[in-house]
>>> print(open('data_6.txt').read())   # compact mmCIF, C-alpha atoms
# COMPACT_ATOMS: atom_id res chain seq x y z
CA MET A 1 -96.86 117.07 -46.80
CA SER A 2 -98.62 113.91 -45.65
CA GLY A 3 -96.36 111.30 -47.24
CA PRO A 4 -93.37 110.69 -49.53
CA LEU A 5 -93.53 111.96 -53.11
CA ILE A 6 -91.83 110.80 -56.30
CA CYS A 7 -91.59 113.07 -59.35
CA ARG A 8 -93.49 111.90 -62.42
CA SER A 9 -90.54 112.76 -64.69
CA VAL A 10 -88.71 109.69 -63.32
CA ARG A 11 -90.86 107.53 -65.62
CA GLY A 12 -89.11 109.01 -68.64
CA ARG A 13 -85.56 108.24 -67.44
CA PRO A 14 -84.46 104.78 -68.66
CA ASN A 15 -82.27 103.93 -65.67
CA TRP A 16 -84.99 104.81 -63.17
CA ALA A 17 -88.17 103.95 -65.12
CA SER A 18 -88.91 100.89 -62.98
CA LEU A 19 -88.72 102.84 -59.71
CA ILE A 20 -92.32 104.10 -59.55
CA PRO A 21 -93.83 100.62 -60.10
CA ALA A 22 -91.48 99.26 -57.42
CA LEU A 23 -92.59 101.94 -54.95
CA LEU A 24 -96.26 101.38 -55.66
CA GLN A 25 -95.93 97.64 -55.00
CA GLY A 26 -95.76 98.63 -51.36
CA ASN A 27 -93.18 98.18 -48.61
CA GLY A 28 -95.23 99.56 -45.74
CA ILE A 29 -94.86 103.12 -47.02
CA LYS A 30 -97.46 104.86 -49.17
CA TRP A 31 -95.71 106.76 -51.93
CA LYS A 32 -97.54 109.29 -54.06
CA ALA A 33 -96.44 109.12 -57.67
CA GLU A 34 -96.90 111.69 -60.43
CA ALA A 35 -96.10 114.62 -58.15
CA LYS A 36 -94.41 117.55 -59.95
CA LEU A 37 -91.16 118.41 -58.20
CA ASP A 38 -89.14 121.11 -59.95
CA THR A 39 -85.82 120.91 -58.10
CA HIS A 40 -85.65 117.28 -56.97
CA ASP A 41 -86.97 113.78 -57.67
CA VAL A 42 -87.98 112.56 -54.22
CA ALA A 43 -89.42 114.28 -51.15
CA VAL A 44 -89.96 112.52 -47.83
CA PRO A 45 -91.34 114.37 -44.77
CA LEU A 46 -89.23 114.28 -41.61
CA PRO A 47 -90.54 114.37 -38.03
CA SER A 48 -90.97 117.97 -36.88
CA PRO A 49 -91.65 118.93 -33.24
CA GLY A 50 -94.81 120.95 -32.65
CA GLY A 51 -94.51 124.59 -33.59
CA GLN A 52 -91.56 124.04 -35.94
CA SER A 53 -91.73 124.23 -39.72
CA GLN A 54 -92.01 120.97 -41.63
CA ARG A 55 -88.67 119.37 -42.44
CA VAL A 56 -88.47 117.48 -45.72
CA LEU A 57 -85.74 115.19 -47.03
CA ARG A 58 -85.24 116.00 -50.71
CA ALA A 59 -83.12 113.93 -53.08
CA ILE A 60 -82.20 113.69 -56.73
CA LEU A 61 -81.59 110.42 -58.59
CA LEU A 62 -78.37 110.10 -60.59
CA SER A 63 -76.40 107.41 -62.39
CA GLY A 64 -73.03 107.14 -64.12
CA SER A 65 -74.24 108.68 -67.38
CA ASP A 66 -75.11 111.90 -65.51
CA VAL A 67 -71.69 112.47 -63.97
CA GLY A 68 -69.62 115.25 -65.48
CA LYS A 69 -72.49 116.82 -67.42
CA GLU A 70 -73.41 120.46 -66.94
CA GLY A 71 -77.06 119.57 -66.39
CA CYS A 72 -76.03 117.30 -63.50
CA ARG A 73 -74.09 120.09 -61.87
CA ASP A 74 -77.04 122.46 -62.27
CA ARG A 75 -79.36 119.97 -60.56
CA ILE A 76 -76.94 119.53 -57.66
CA GLN A 77 -76.61 123.28 -57.30
CA ARG A 78 -80.39 123.75 -57.17
CA LEU A 79 -80.71 120.94 -54.63
CA SER A 80 -77.98 122.49 -52.49
CA GLY A 81 -79.94 125.75 -52.40
CA LEU A 82 -82.96 124.13 -50.79
CA SER A 83 -83.34 124.53 -47.01
CA GLY A 84 -79.87 126.01 -46.77
CA GLY A 85 -78.37 122.77 -48.01
CA GLN A 86 -79.85 120.78 -45.11
CA ASP A 87 -81.91 117.58 -45.43
CA VAL A 88 -80.80 116.93 -49.02
CA ALA A 89 -79.09 113.93 -50.63
CA ILE A 90 -78.10 112.33 -53.91
CA VAL A 91 -79.16 108.75 -54.65
CA PHE A 92 -76.63 107.19 -57.03
CA LEU A 93 -77.34 104.03 -59.05
CA LEU A 94 -74.33 101.72 -59.32
CA LYS A 95 -75.25 100.25 -62.67
CA GLN A 96 -72.91 99.60 -65.59
CA GLU A 97 -74.09 101.55 -68.63
CA GLN A 98 -72.98 100.88 -72.18
CA GLY A 99 -70.20 103.18 -73.29
CA GLN A 100 -69.81 104.69 -69.81
CA MET A 101 -67.10 104.43 -67.15
CA SER A 102 -67.57 101.81 -64.46
CA PRO A 103 -70.24 102.72 -61.90
CA THR A 104 -67.65 102.68 -59.11
CA ALA A 105 -65.44 105.11 -61.02
CA ALA A 106 -68.41 107.37 -61.75
CA PHE A 107 -69.45 107.22 -58.11
CA MET A 108 -66.02 108.27 -56.92
CA ARG A 109 -65.76 111.02 -59.53
CA LEU A 110 -69.06 112.45 -58.37
CA GLN A 111 -67.95 112.36 -54.74
CA LEU A 112 -64.68 114.09 -55.56
CA ASP A 113 -66.51 116.71 -57.64
CA LEU A 114 -68.65 117.60 -54.62
CA ILE A 115 -65.83 118.04 -52.13
CA GLY A 116 -65.03 121.67 -51.43
CA GLU A 117 -68.16 123.06 -53.07
CA PHE A 118 -71.27 121.04 -52.23
CA GLU A 119 -71.61 119.28 -48.91
CA MET A 120 -74.28 116.65 -49.27
CA PRO A 121 -74.34 112.88 -48.81
CA ILE A 122 -74.47 110.42 -51.70
CA ILE A 123 -76.51 107.27 -51.09
CA PRO A 124 -75.31 104.45 -53.38
CA VAL A 125 -77.78 101.77 -54.49
CA ASP A 126 -76.94 98.59 -56.40
CA THR A 127 -80.38 98.34 -58.02
CA VAL A 128 -83.39 100.56 -58.56
CA GLN A 129 -85.38 98.28 -56.27
CA ALA A 130 -82.90 98.91 -53.43
CA MET A 131 -83.49 102.66 -53.54
CA PRO A 132 -86.44 102.80 -51.09
CA THR A 133 -84.61 100.72 -48.46
CA ASN A 134 -81.39 102.72 -48.63
CA LEU A 135 -83.15 106.08 -48.78
CA MET A 136 -85.35 105.28 -45.78
CA ALA A 137 -82.31 104.07 -43.81
CA PHE A 138 -80.78 107.51 -44.38
CA HIS A 139 -84.15 109.11 -43.53
CA ARG A 140 -84.17 107.35 -40.15
CA GLN A 141 -80.61 108.50 -39.50
CA ILE A 142 -81.32 112.20 -39.99
CA SER A 143 -84.77 112.05 -38.38
CA THR A 144 -83.10 112.11 -34.97
CA SER A 145 -81.48 115.52 -35.60
CA SER A 146 -83.27 118.74 -34.72
CA GLY A 147 -82.68 122.38 -33.90
CA HIS A 148 -79.58 123.96 -35.42
CA ARG A 149 -78.36 121.19 -37.68
CA LYS A 150 -74.72 121.25 -38.67
CA THR A 151 -73.86 120.50 -42.27
CA ALA A 152 -72.67 116.93 -42.29
CA ASN A 153 -69.17 116.08 -43.41
CA PRO A 154 -69.82 114.58 -46.87
CA ALA A 155 -67.31 111.75 -46.46
CA ARG A 156 -68.68 110.71 -43.07
CA SER A 157 -72.25 110.92 -44.33
CA LEU A 158 -71.30 108.59 -47.17
CA LEU A 159 -69.47 105.98 -45.12
CA PRO A 160 -72.52 104.20 -43.62
CA TYR A 161 -73.70 103.35 -47.14
CA CYS A 162 -70.38 101.98 -48.43
CA SER A 163 -71.51 98.45 -47.70
CA ASP A 164 -73.30 95.57 -49.39
CA ARG A 165 -75.80 95.69 -46.53
CA PRO A 166 -76.18 99.37 -45.56
CA PRO A 167 -76.06 101.14 -43.29
CA LEU A 168 -72.83 100.18 -41.54
CA PRO A 169 -73.08 100.23 -37.72
CA GLU A 170 -71.95 103.44 -36.05
CA HIS A 171 -68.94 101.79 -34.39
CA VAL A 172 -67.73 100.52 -37.80
CA VAL A 173 -68.06 104.01 -39.29
CA ASN A 174 -66.07 105.42 -36.35
CA ILE A 175 -63.27 102.91 -36.90
CA LEU A 176 -63.17 103.58 -40.65
CA THR A 177 -62.81 107.32 -40.04
CA ASP A 178 -59.92 106.55 -37.67
CA ILE A 179 -57.98 104.35 -40.11
CA THR A 180 -58.72 106.33 -43.30
CA SER A 181 -58.60 110.10 -43.75
CA ASN A 182 -61.18 110.38 -46.56
CA ILE A 183 -63.16 108.44 -49.17
CA ARG A 184 -60.15 108.20 -51.48
CA GLY A 185 -58.14 106.76 -48.60
CA LEU A 186 -60.89 104.22 -47.87
CA LEU A 187 -60.92 103.11 -51.51
CA GLU A 188 -57.14 102.68 -51.51
CA THR A 189 -57.28 100.73 -48.25
CA ALA A 190 -60.14 98.45 -49.36
CA SER A 191 -58.50 97.77 -52.74
CA THR A 192 -55.16 96.37 -51.57
CA PRO A 193 -54.32 93.14 -49.71
CA THR A 194 -52.45 95.10 -47.03
CA GLY A 195 -55.32 97.50 -46.56
CA GLN A 196 -57.85 94.69 -46.41
CA MET A 197 -55.79 92.94 -43.72
CA LYS A 198 -55.75 96.20 -41.75
CA MET A 199 -59.52 96.54 -42.05
CA ALA A 200 -60.00 92.91 -40.98
CA GLU A 201 -57.74 93.49 -37.97
CA PHE A 202 -59.80 96.45 -36.76
CA LEU A 203 -63.28 95.44 -37.92
CA GLY A 204 -63.27 91.65 -37.73
CA ASP A 205 -66.17 90.07 -39.65
CA SER A 206 -67.68 93.52 -40.30
CA SER A 207 -64.85 94.24 -42.72
CA GLU A 208 -66.31 91.90 -45.35
CA THR A 209 -69.35 94.05 -46.17
CA ALA A 210 -67.23 97.19 -46.50
CA ILE A 211 -64.55 95.52 -48.63
CA SER A 212 -66.98 93.73 -50.96
CA PHE A 213 -68.69 97.05 -51.75
CA TRP A 214 -65.47 98.14 -53.47
CA ALA A 215 -64.83 94.74 -55.07
CA GLU A 216 -65.05 96.11 -58.62
CA GLU A 217 -61.62 97.19 -59.82
CA TYR A 218 -61.09 100.93 -59.65
CA VAL A 219 -57.88 102.88 -60.30
CA VAL A 220 -57.29 105.92 -58.10
CA GLU A 221 -55.66 108.64 -60.18
>>> encode(input="data_6.txt", output="structure tokens")
Amino acid sequence: MSGPLICRSVRGRPNWASLIPALLQGNGIKWKAEAKLDTHDVAVPLPSPGGQSQRVLRAILLSGSDVGKEGCRDRIQRLSGLSGGQDVAIVFLLKQEQGQMSPTAAFMRLQLDLIGEFEMPIIPVDTVQAMPTNLMAFHRQISTSSGHRKTANPARSLLPYCSDRPPLPEHVVNILTDITSNIRGLLETASTPTGQMKMAEFLGDSSETAISFWAEEYVVE
């Protein structure tokens, strides 16, 4: 694979229809549109040392209207089966859809549905246009790994992207994992005045980007 690919079927999905034009406008990366990808929506080659097989980051594109549907689960399962579950991700669009739960609630439901069965990161994006930037930030992060790659903890893989300006710096992620036990705990902490004060105490100015990401009201059941 010489460059990143985007599946042509994305054009027919209302929430993501504007993605291919956005990619082709150019951001220093040459995307090839109209590729036929059976198990995923996006494929981006990863650096591979000489003599090793080509690594490829594969991702599917989801939004709130997909969450909880059997077809969504089937897609995640097929994605998880690629490359032994390594170098895969879900890109999730945080967009309010008519008649659907809030995007934050859908995002958290998806994350909770994955825990214990599928270990893969979810990359949240506020807009379709933000997808390339956030995906390539994740691409750079995993490009440094090689050899026998451990399956990433899904909560820790998600944390760098729980920010208005992702990814969060490594030291911020480390602190968040120290003061919260999981994603649900982070949401509870970021959603209460006491928790926000705690985050500000440990993170200083860096707490604002993490807290504002969860600004939309969400009730933890």
>>> residues_around(input="data_6.txt", residues="Gln77 in chain A", least_positions_apart="5", cutoff="10 Å", atoms="all atoms listed in the file", output="list of chain:residue names")
A:Thr39, A:Gly71, A:Cys72, A:Leu82, A:Gly85, A:Glu117, A:Phe118
>>> residues_around(input="data_6.txt", residues="range 13-29 of chain A", least_positions_apart="2", cutoff="10 Å", atoms="only C-alpha atoms", output="compact mmCIF listing (two decimals) with C-alpha atoms, in the frame of the given file")
# COMPACT_ATOMS: atom_id res chain seq x y z
CA GLY A 3 -96.36 111.30 -47.24
CA PRO A 4 -93.37 110.69 -49.53
CA ILE A 6 -91.83 110.80 -56.30
CA CYS A 7 -91.59 113.07 -59.35
CA ARG A 8 -93.49 111.90 -62.42
CA SER A 9 -90.54 112.76 -64.69
CA VAL A 10 -88.71 109.69 -63.32
CA ARG A 11 -90.86 107.53 -65.62
CA TRP A 31 -95.71 106.76 -51.93
CA LYS A 32 -97.54 109.29 -54.06
CA ALA A 33 -96.44 109.12 -57.67
CA GLU A 34 -96.90 111.69 -60.43
CA LEU A 61 -81.59 110.42 -58.59
CA LEU A 62 -78.37 110.10 -60.59
CA SER A 63 -76.40 107.41 -62.39
CA GLY A 64 -73.03 107.14 -64.12
CA SER A 65 -74.24 108.68 -67.38
CA LEU A 93 -77.34 104.03 -59.05
CA LYS A 95 -75.25 100.25 -62.67
CA GLU A 97 -74.09 101.55 -68.63
CA THR A 127 -80.38 98.34 -58.02
CA VAL A 128 -83.39 100.56 -58.56
CA GLN A 129 -85.38 98.28 -56.27
CA ALA A 130 -82.90 98.91 -53.43
CA MET A 131 -83.49 102.66 -53.54
CA PRO A 132 -86.44 102.80 -51.09
CA THR A 133 -84.61 100.72 -48.46
CA MET A 136 -85.35 105.28 -45.78
>>> residues_around(input="data_6.txt", residues="range 189-198 of chain A", least_positions_apart="3", cutoff="6 Å", atoms="all atoms listed in the file", output="PyMOL selection string")
chain A and resi 186+201+211
>>> closest_residue(input="data_6.txt", among="A:Gln54, A:Gln98, A:Gln111, A:Ser207", to="Ile76 in chain A", atoms="only C-alpha atoms")
A:Gln111
>>> closest_residue(input="data_6.txt", among="A:Met199, A:Ile90, A:Leu5, A:Val125", to="Leu110 in chain A", atoms="all atoms listed in the file")
A:Ile90
>>> axis_aligned_box(input="data_6.txt", around="range 85-99 of chain A", padding_each_side="4 Å", output="AutoDock Vina command-line options")
--center_x -76.1 --center_y 111.2 --center_z -59.2 --size_x 19.7 --size_y 31.2 --size_z 36.2
>>> atom_distance(input="data_6.txt", atom1="CA of Pro167 in chain A", atom2="CA of Asp66 in chain A")
24.7 Å
>>> atom_distance(input="data_6.txt", atom1="CA of Val42 in chain A", atom2="CA of Leu79 in chain A")
11.1 Å
>>> atom_distance(input="data_6.txt", atom1="CA of Arg109 in chain A", atom2="CA of Arg184 in chain A")
10.2 Å
>>> closest_residue(input="data_6.txt", among="A:Ala59, A:Leu187, A:Val172, A:Ala106", to="Gly204 in chain A", atoms="all atoms listed in the file")
A:Val172
>>> closest_residue(input="data_6.txt", among="A:Met101, A:Leu112, A:Ile175, A:Met120", to="Asp87 in chain A", atoms="all atoms listed in the file")
A:Met120
